[in-house]
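Colleague: PDB, C-alpha atoms, file start-v5.pdb:
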```
MODEL        1
ATOM      1  CA  MET P   1     102.113 114.407  93.031
ATOM      2  CA  GLY P   2      98.511 115.386  92.531
ATOM      3  CA  ASN P   3      95.551 116.240  94.718
ATOM      4  CA  ASN P   4      94.889 113.631  97.379
ATOM      5  CA  GLY P   5      91.158 113.477  96.671
ATOM      6  CA  GLY P   6      90.133 114.389 100.233
ATOM      7  CA  ARG P   7      92.128 111.598 101.890
ATOM      8  CA  GLY P   8      94.186 114.236 103.705
ATOM      9  CA  VAL P   9      91.163 115.318 105.737
ATOM     10  CA  SER P  10      90.315 111.779 106.848
ATOM     11  CA  LEU P  11      93.989 111.127 107.642
ATOM     12  CA  LEU P  12      94.068 114.285 109.737
ATOM     13  CA  VAL P  13      90.930 113.268 111.648
ATOM     14  CA  ALA P  14      92.284 109.766 112.334
ATOM     15  CA  LEU P  15      95.693 111.121 113.310
ATOM     16  CA  THR P  16      94.140 113.670 115.666
ATOM     17  CA  ALA P  17      91.984 110.999 117.339
ATOM     18  CA  VAL P  18      94.960 108.701 117.859
ATOM     19  CA  LEU P  19      97.187 111.481 119.171
ATOM     20  CA  LEU P  20      94.504 112.644 121.597
ATOM     21  CA  LEU P  21      94.431 109.135 123.031
ATOM     22  CA  SER P  22      98.123 109.417 123.814
ATOM     23  CA  TRP P  23      97.461 112.516 125.938
ATOM     24  CA  ALA P  24      94.787 110.905 128.095
ATOM     25  CA  PRO P  25      95.335 111.720 131.793
ATOM     26  CA  GLN P  26      95.444 108.011 132.696
ATOM     27  CA  ARG P  27      98.375 105.916 131.553
ATOM     28  CA  PRO P  28      99.474 107.444 128.239
ATOM     29  CA  VAL P  29      99.610 105.346 125.096
ATOM     30  CA  GLU P  30     103.045 105.481 123.505
ATOM     31  CA  LEU P  31     102.649 105.817 119.755
ATOM     32  CA  GLY P  32     105.198 106.181 117.004
ATOM     33  CA  LEU P  33     105.042 106.624 113.269
ATOM     34  CA  ASP P  34     105.526 103.317 111.474
ATOM     35  CA  HIS P  35     105.124 104.254 107.819
ATOM     36  CA  ILE P  36     103.106 106.219 105.297
ATOM     37  CA  PRO P  37     102.272 104.416 102.045
ATOM     38  CA  VAL P  38     102.033 106.894  99.159
ATOM     39  CA  VAL P  39     100.385 105.700  95.935
ATOM     40  CA  VAL P  40     102.060 106.937  92.751
ATOM     41  CA  ASP P  41     101.291 106.477  89.059
ATOM     42  CA  ASP P  42     104.947 106.215  88.022
ATOM     43  CA  LEU P  43     107.211 104.596  90.615
ATOM     44  CA  GLU P  44     110.418 105.438  88.744
ATOM     45  CA  ARG P  45     109.492 109.136  88.418
ATOM     46  CA  ALA P  46     108.441 109.363  92.077
ATOM     47  CA  SER P  47     111.649 107.575  93.166
ATOM     48  CA  THR P  48     113.728 110.027  91.145
ATOM     49  CA  THR P  49     111.890 112.948  92.743
ATOM     50  CA  PHE P  50     112.554 111.609  96.246
ATOM     51  CA  ARG P  51     116.227 110.947  95.423
ATOM     52  CA  ASP P  52     116.518 114.497  94.043
ATOM     53  CA  LEU P  53     115.156 115.710  97.395
ATOM     54  CA  GLY P  54     118.016 113.905  99.136
ATOM     55  CA  PHE P  55     116.310 110.705 100.264
ATOM     56  CA  ALA P  56     117.951 107.294  99.945
ATOM     57  CA  LEU P  57     115.505 104.701  98.638
ATOM     58  CA  LYS P  58     115.486 100.947  98.948
ATOM     59  CA  THR P  59     113.712  98.913  96.275
ATOM     60  CA  GLY P  60     110.815  96.937  97.695
ATOM     61  CA  ARG P  61     110.299  93.229  97.289
ATOM     62  CA  TYR P  62     108.308  91.788  94.393
ATOM     63  CA  HIS P  63     104.628  91.263  95.194
ATOM     64  CA  ALA P  64     102.746  88.470  93.427
ATOM     65  CA  ASN P  65      99.755  90.808  92.968
ATOM     66  CA  GLY P  66     101.847  93.226  90.878
ATOM     67  CA  ILE P  67     102.337  95.902  93.532
ATOM     68  CA  ARG P  68     105.768  97.535  93.234
ATOM     69  CA  SER P  69     107.349  99.748  95.868
ATOM     70  CA  ALA P  70     110.358 101.696  97.061
ATOM     71  CA  GLN P  71     110.976 102.744 100.655
ATOM     72  CA  VAL P  72     112.534 105.656 102.436
ATOM     73  CA  GLU P  73     113.669 104.344 105.806
ATOM     74  CA  PHE P  74     114.499 106.703 108.657
ATOM     75  CA  ALA P  75     116.971 105.936 111.446
ATOM     76  CA  ASN P  76     114.148 105.454 113.990
ATOM     77  CA  GLY P  77     112.491 102.751 111.846
ATOM     78  CA  ALA P  78     109.728 104.955 110.424
ATOM     79  CA  GLY P  79     109.398 105.350 106.695
ATOM     80  CA  ILE P  80     107.627 106.414 103.553
ATOM     81  CA  GLU P  81     106.614 103.702 101.097
ATOM     82  CA  LEU P  82     106.096 104.739  97.495
ATOM     83  CA  LEU P  83     103.930 102.163  95.770
ATOM     84  CA  THR P  84     102.053 101.533  92.586
ATOM     85  CA  ALA P  85      99.624  98.872  91.449
ATOM     86  CA  PRO P  86      99.119  98.525  87.699
ATOM     87  CA  THR P  87      96.034  96.275  87.888
ATOM     88  CA  ALA P  88      93.517  95.003  90.413
ATOM     89  CA  VAL P  89      94.442  91.374  91.103
ATOM     90  CA  ASP P  90      93.293  91.010  94.711
ATOM     91  CA  GLY P  91      91.729  93.142  97.435
ATOM     92  CA  LEU P  92      94.895  95.062  98.269
ATOM     93  CA  SER P  93      95.927  95.834  94.690
ATOM     94  CA  ALA P  94      92.296  96.784  93.896
ATOM     95  CA  HIS P  95      92.349  99.226  96.815
ATOM     96  CA  TYR P  96      95.507 100.913  95.538
ATOM     97  CA  VAL P  97      94.204 100.998  91.942
ATOM     98  CA  ASP P  98      91.040 102.732  93.215
ATOM     99  CA  LEU P  99      93.111 105.270  95.148
ATOM    100  CA  LEU P 100      95.230 105.977  92.066
ATOM    101  CA  ARG P 101      92.093 106.610  90.012
ATOM    102  CA  ALA P 102      91.309 109.475  92.388
ATOM    103  CA  ALA P 103      94.842 110.892  92.715
ATOM    104  CA  GLU P 104      98.375 110.188  93.826
ATOM    105  CA  GLY P 105      99.041 110.685  97.514
ATOM    106  CA  PRO P 106      99.037 109.108 100.971
ATOM    107  CA  ALA P 107      96.953 105.937 101.196
ATOM    108  CA  PHE P 108      96.883 105.906 105.000
ATOM    109  CA  VAL P 109      99.192 106.432 107.935
ATOM    110  CA  SER P 110     100.423 103.598 110.107
ATOM    111  CA  PHE P 111     101.496 103.953 113.736
ATOM    112  CA  HIS P 112     102.949 101.461 116.152
ATOM    113  CA  ALA P 113     101.926 101.222 119.803
ATOM    114  CA  ARG P 114     104.332  99.936 122.430
ATOM    115  CA  ASP P 115     101.425  98.490 124.438
ATOM    116  CA  THR P 116      98.578  97.215 122.264
ATOM    117  CA  GLN P 117      96.451  96.310 125.292
ATOM    118  CA  ARG P 118      96.694  99.890 126.610
ATOM    119  CA  LEU P 119      95.890 101.246 123.136
ATOM    120  CA  HIS P 120      92.721  99.138 123.055
ATOM    121  CA  GLU P 121      91.779 100.276 126.579
ATOM    122  CA  ALA P 122      92.227 103.932 125.562
ATOM    123  CA  LEU P 123      90.181 103.439 122.398
ATOM    124  CA  ARG P 124      87.354 101.846 124.413
ATOM    125  CA  GLU P 125      87.562 104.598 127.074
ATOM    126  CA  GLY P 126      87.310 107.220 124.341
ATOM    127  CA  GLY P 127      84.347 105.502 122.680
ATOM    128  CA  TYR P 128      86.280 104.774 119.461
ATOM    129  CA  ASP P 129      85.415 101.792 117.302
ATOM    130  CA  PHE P 130      88.323  99.647 116.187
ATOM    131  CA  ARG P 131      88.989  96.250 114.703
ATOM    132  CA  GLN P 132      91.900  93.951 115.491
ATOM    133  CA  ASP P 133      93.198  92.055 112.437
ATOM    134  CA  GLY P 134      96.206  89.950 113.392
ATOM    135  CA  GLU P 135      98.789  92.429 114.640
ATOM    136  CA  THR P 136      96.971  95.440 113.149
ATOM    137  CA  THR P 137      94.451  97.658 114.918
ATOM    138  CA  ASP P 138      92.243  99.488 112.410
ATOM    139  CA  LEU P 139      90.333 102.616 113.442
TER
ENDMDL
END
```
Could you show the structure in this file as structure tokens?
Modeller:
Amino acid sequence: MGNNGGRGVSLLVALTAVLLLSWAPQRPVELGLDHIPVVVDDLERASTTFRDLGFALKTGRYHANGIRSAQVEFANGAGIELLTAPTAVDGLSAHYVDLLRAAEGPAFVSFHARDTQRLHEALREGGYDFRQDGETTDL
């Protein structure tokens, strides 16, 4: 897979900020890795590469917007999602198409928090901006 077009730096900054919150001296925030979506030009080629590396992949469900995926699922529930979007049909597929124009690689990293209220408290205490969208907290 190619250069990640600088996304690695922003992922590292976001990851560092979230992990620092979990080490706050007050009540710690329990975080765990949920999944890492990785955009790829050729899903079949990427799937073959991951299988050759020893991973078992599960084919993702069909998405009406044309997004196709395959998942590596780990025993603890975390995973890697390989995905591709051939055309921009809606906001999500357009986002992935834009990322693919830059390079293949991680689109973002997703964590889960055992206590969302405590996560929000820690974010506020640390002066971090965030947005709650349904069950998702975006930094």
Colleague: Have a look at P:Ala56, P:Leu92, P:Leu119, P:Leu100 and name the one nearest to Thr136 in chain P; count only C-alpha atoms.
Modeller: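 Distance minimum relative to Thr136 in chain P lands on P:Leu119.
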Colleague: Using all atoms listed in the file, which of the listed residues (P:Asp90, P:Val97, P:Gly60, P:Ile36) sits closest to Phe74 in chain P?
Modeller: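 Among P:Asp90, P:Val97, P:Gly60, P:Ile36, it is P:Ile36 that comes nearest to Phe74 in chain P.
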Colleague: To box range 47-57 of chain P, take all atoms listed in the file, fit an axis-aligned box, add 4 Å on each side, and give centre and edge lengths in Å to one decimal, as JSON.
Modeller:
```
{"center_x": 114.8, "center_y": 110.2, "center_z": 95.7, "size_x": 14.4, "size_y": 19.0, "size_z": 17.1}
```
Colleague: Translate the PyMOL selection byres ((chain P and resi 41-46) around 12) into a concrete residue list for this structure, as a VMD selection string.
Modeller: chain P and resid 1 to 2 38 to 40 47 to 53 55 57 59 to 60 67 to 72 80 to 87 96 to 105
Colleague: Emit the selected residues as a PDB file, in the frame of the given file, including C-alpha atoms.
Modeller:
```pdb
ATOM      1  CA  MET P   1     102.113 114.407  93.031  1.00  0.00           C
ATOM      2  CA  GLY P   2      98.511 115.386  92.531  1.00  0.00           C
ATOM      3  CA  VAL P  38     102.033 106.894  99.159  1.00  0.00           C
ATOM      4  CA  VAL P  39     100.385 105.700  95.935  1.00  0.00           C
ATOM      5  CA  VAL P  40     102.060 106.937  92.751  1.00  0.00           C
ATOM      6  CA  SER P  47     111.649 107.575  93.166  1.00  0.00           C
ATOM      7  CA  THR P  48     113.728 110.027  91.145  1.00  0.00           C
ATOM      8  CA  THR P  49     111.890 112.948  92.743  1.00  0.00           C
ATOM      9  CA  PHE P  50     112.554 111.609  96.246  1.00  0.00           C
ATOM     10  CA  ARG P  51     116.227 110.947  95.423  1.00  0.00           C
ATOM     11  CA  ASP P  52     116.518 114.497  94.043  1.00  0.00           C
ATOM     12  CA  LEU P  53     115.156 115.710  97.395  1.00  0.00           C
ATOM     13  CA  PHE P  55     116.310 110.705 100.264  1.00  0.00           C
ATOM     14  CA  LEU P  57     115.505 104.701  98.638  1.00  0.00           C
ATOM     15  CA  THR P  59     113.712  98.913  96.275  1.00  0.00           C
ATOM     16  CA  GLY P  60     110.815  96.937  97.695  1.00  0.00           C
ATOM     17  CA  ILE P  67     102.337  95.902  93.532  1.00  0.00           C
ATOM     18  CA  ARG P  68     105.768  97.535  93.234  1.00  0.00           C
ATOM     19  CA  SER P  69     107.349  99.748  95.868  1.00  0.00           C
ATOM     20  CA  ALA P  70     110.358 101.696  97.061  1.00  0.00           C
ATOM     21  CA  GLN P  71     110.976 102.744 100.655  1.00  0.00           C
ATOM     22  CA  VAL P  72     112.534 105.656 102.436  1.00  0.00           C
ATOM     23  CA  ILE P  80     107.627 106.414 103.553  1.00  0.00           C
ATOM     24  CA  GLU P  81     106.614 103.702 101.097  1.00  0.00           C
ATOM     25  CA  LEU P  82     106.096 104.739  97.495  1.00  0.00           C
ATOM     26  CA  LEU P  83     103.930 102.163  95.770  1.00  0.00           C
ATOM     27  CA  THR P  84     102.053 101.533  92.586  1.00  0.00           C
ATOM     28  CA  ALA P  85      99.624  98.872  91.449  1.00  0.00           C
ATOM     29  CA  PRO P  86      99.119  98.525  87.699  1.00  0.00           C
ATOM     30  CA  THR P  87      96.034  96.275  87.888  1.00  0.00           C
ATOM     31  CA  TYR P  96      95.507 100.913  95.538  1.00  0.00           C
ATOM     32  CA  VAL P  97      94.204 100.998  91.942  1.00  0.00           C
ATOM     33  CA  ASP P  98      91.040 102.732  93.215  1.00  0.00           C
ATOM     34  CA  LEU P  99      93.111 105.270  95.148  1.00  0.00           C
ATOM     35  CA  LEU P 100      95.230 105.977  92.066  1.00  0.00           C
ATOM     36  CA  ARG P 101      92.093 106.610  90.012  1.00  0.00           C
ATOM     37  CA  ALA P 102      91.309 109.475  92.388  1.00  0.00           C
ATOM     38  CA  ALA P 103      94.842 110.892  92.715  1.00  0.00           C
ATOM     39  CA  GLU P 104      98.375 110.188  93.826  1.00  0.00           C
ATOM     40  CA  GLY P 105      99.041 110.685  97.514  1.00  0.00           C
TER      41      GLY P 105
END
```
Colleague: One number please: CA of Ser110 in chain P to CA of Leu33 in chain P, in Å, one decimal.
Modeller: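 According to the coordinates, CA of Ser110 in chain P and CA of Leu33 in chain P are separated by 6.4 Å.
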Colleague: Name the residues in contact with Asp138 in chain P at a cut-off of 10 Å, using only C-alpha atoms, excluding same-chain residues fewer than 4 positions from it; report them as number ranges by chain.
Modeller: P: 110, 129-133
Colleague: Write the residues of the preceding selection, restricted to C-alpha atoms, as a PDB file, in the coordinates of the input.
Modeller:
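Listed below is the output, result_3.pdb:
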```pdb
ATOM      1  CA  SER P 110     100.423 103.598 110.107  1.00  0.00           C
ATOM      2  CA  ASP P 129      85.415 101.792 117.302  1.00  0.00           C
ATOM      3  CA  PHE P 130      88.323  99.647 116.187  1.00  0.00           C
ATOM      4  CA  ARG P 131      88.989  96.250 114.703  1.00  0.00           C
ATOM      5  CA  GLN P 132      91.900  93.951 115.491  1.00  0.00           C
ATOM      6  CA  ASP P 133      93.198  92.055 112.437  1.00  0.00           C
TER       7      ASP P 133
END
```
Colleague: What is the distance, in Å and to one decimal place, between CA of Arg114 in chain P and CA of Gly32 in chain P?
Modeller: 8.3 Å
Colleague: Please determine, counting all atoms listed in the file, which residue among P:His35, P:His112, P:Arg118, P:Arg61 has the shortest atom-to-atom distance to Glu135 in chain P.
Modeller: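 Nearest candidate to Glu135 in chain P out of P:His35, P:His112, P:Arg118, P:Arg61: P:His112.
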Colleague: Just how far from CA of Leu139 in chain P is CA of Asp115 in chain P, in Å to one decimal?
Modeller: 16.2 Å
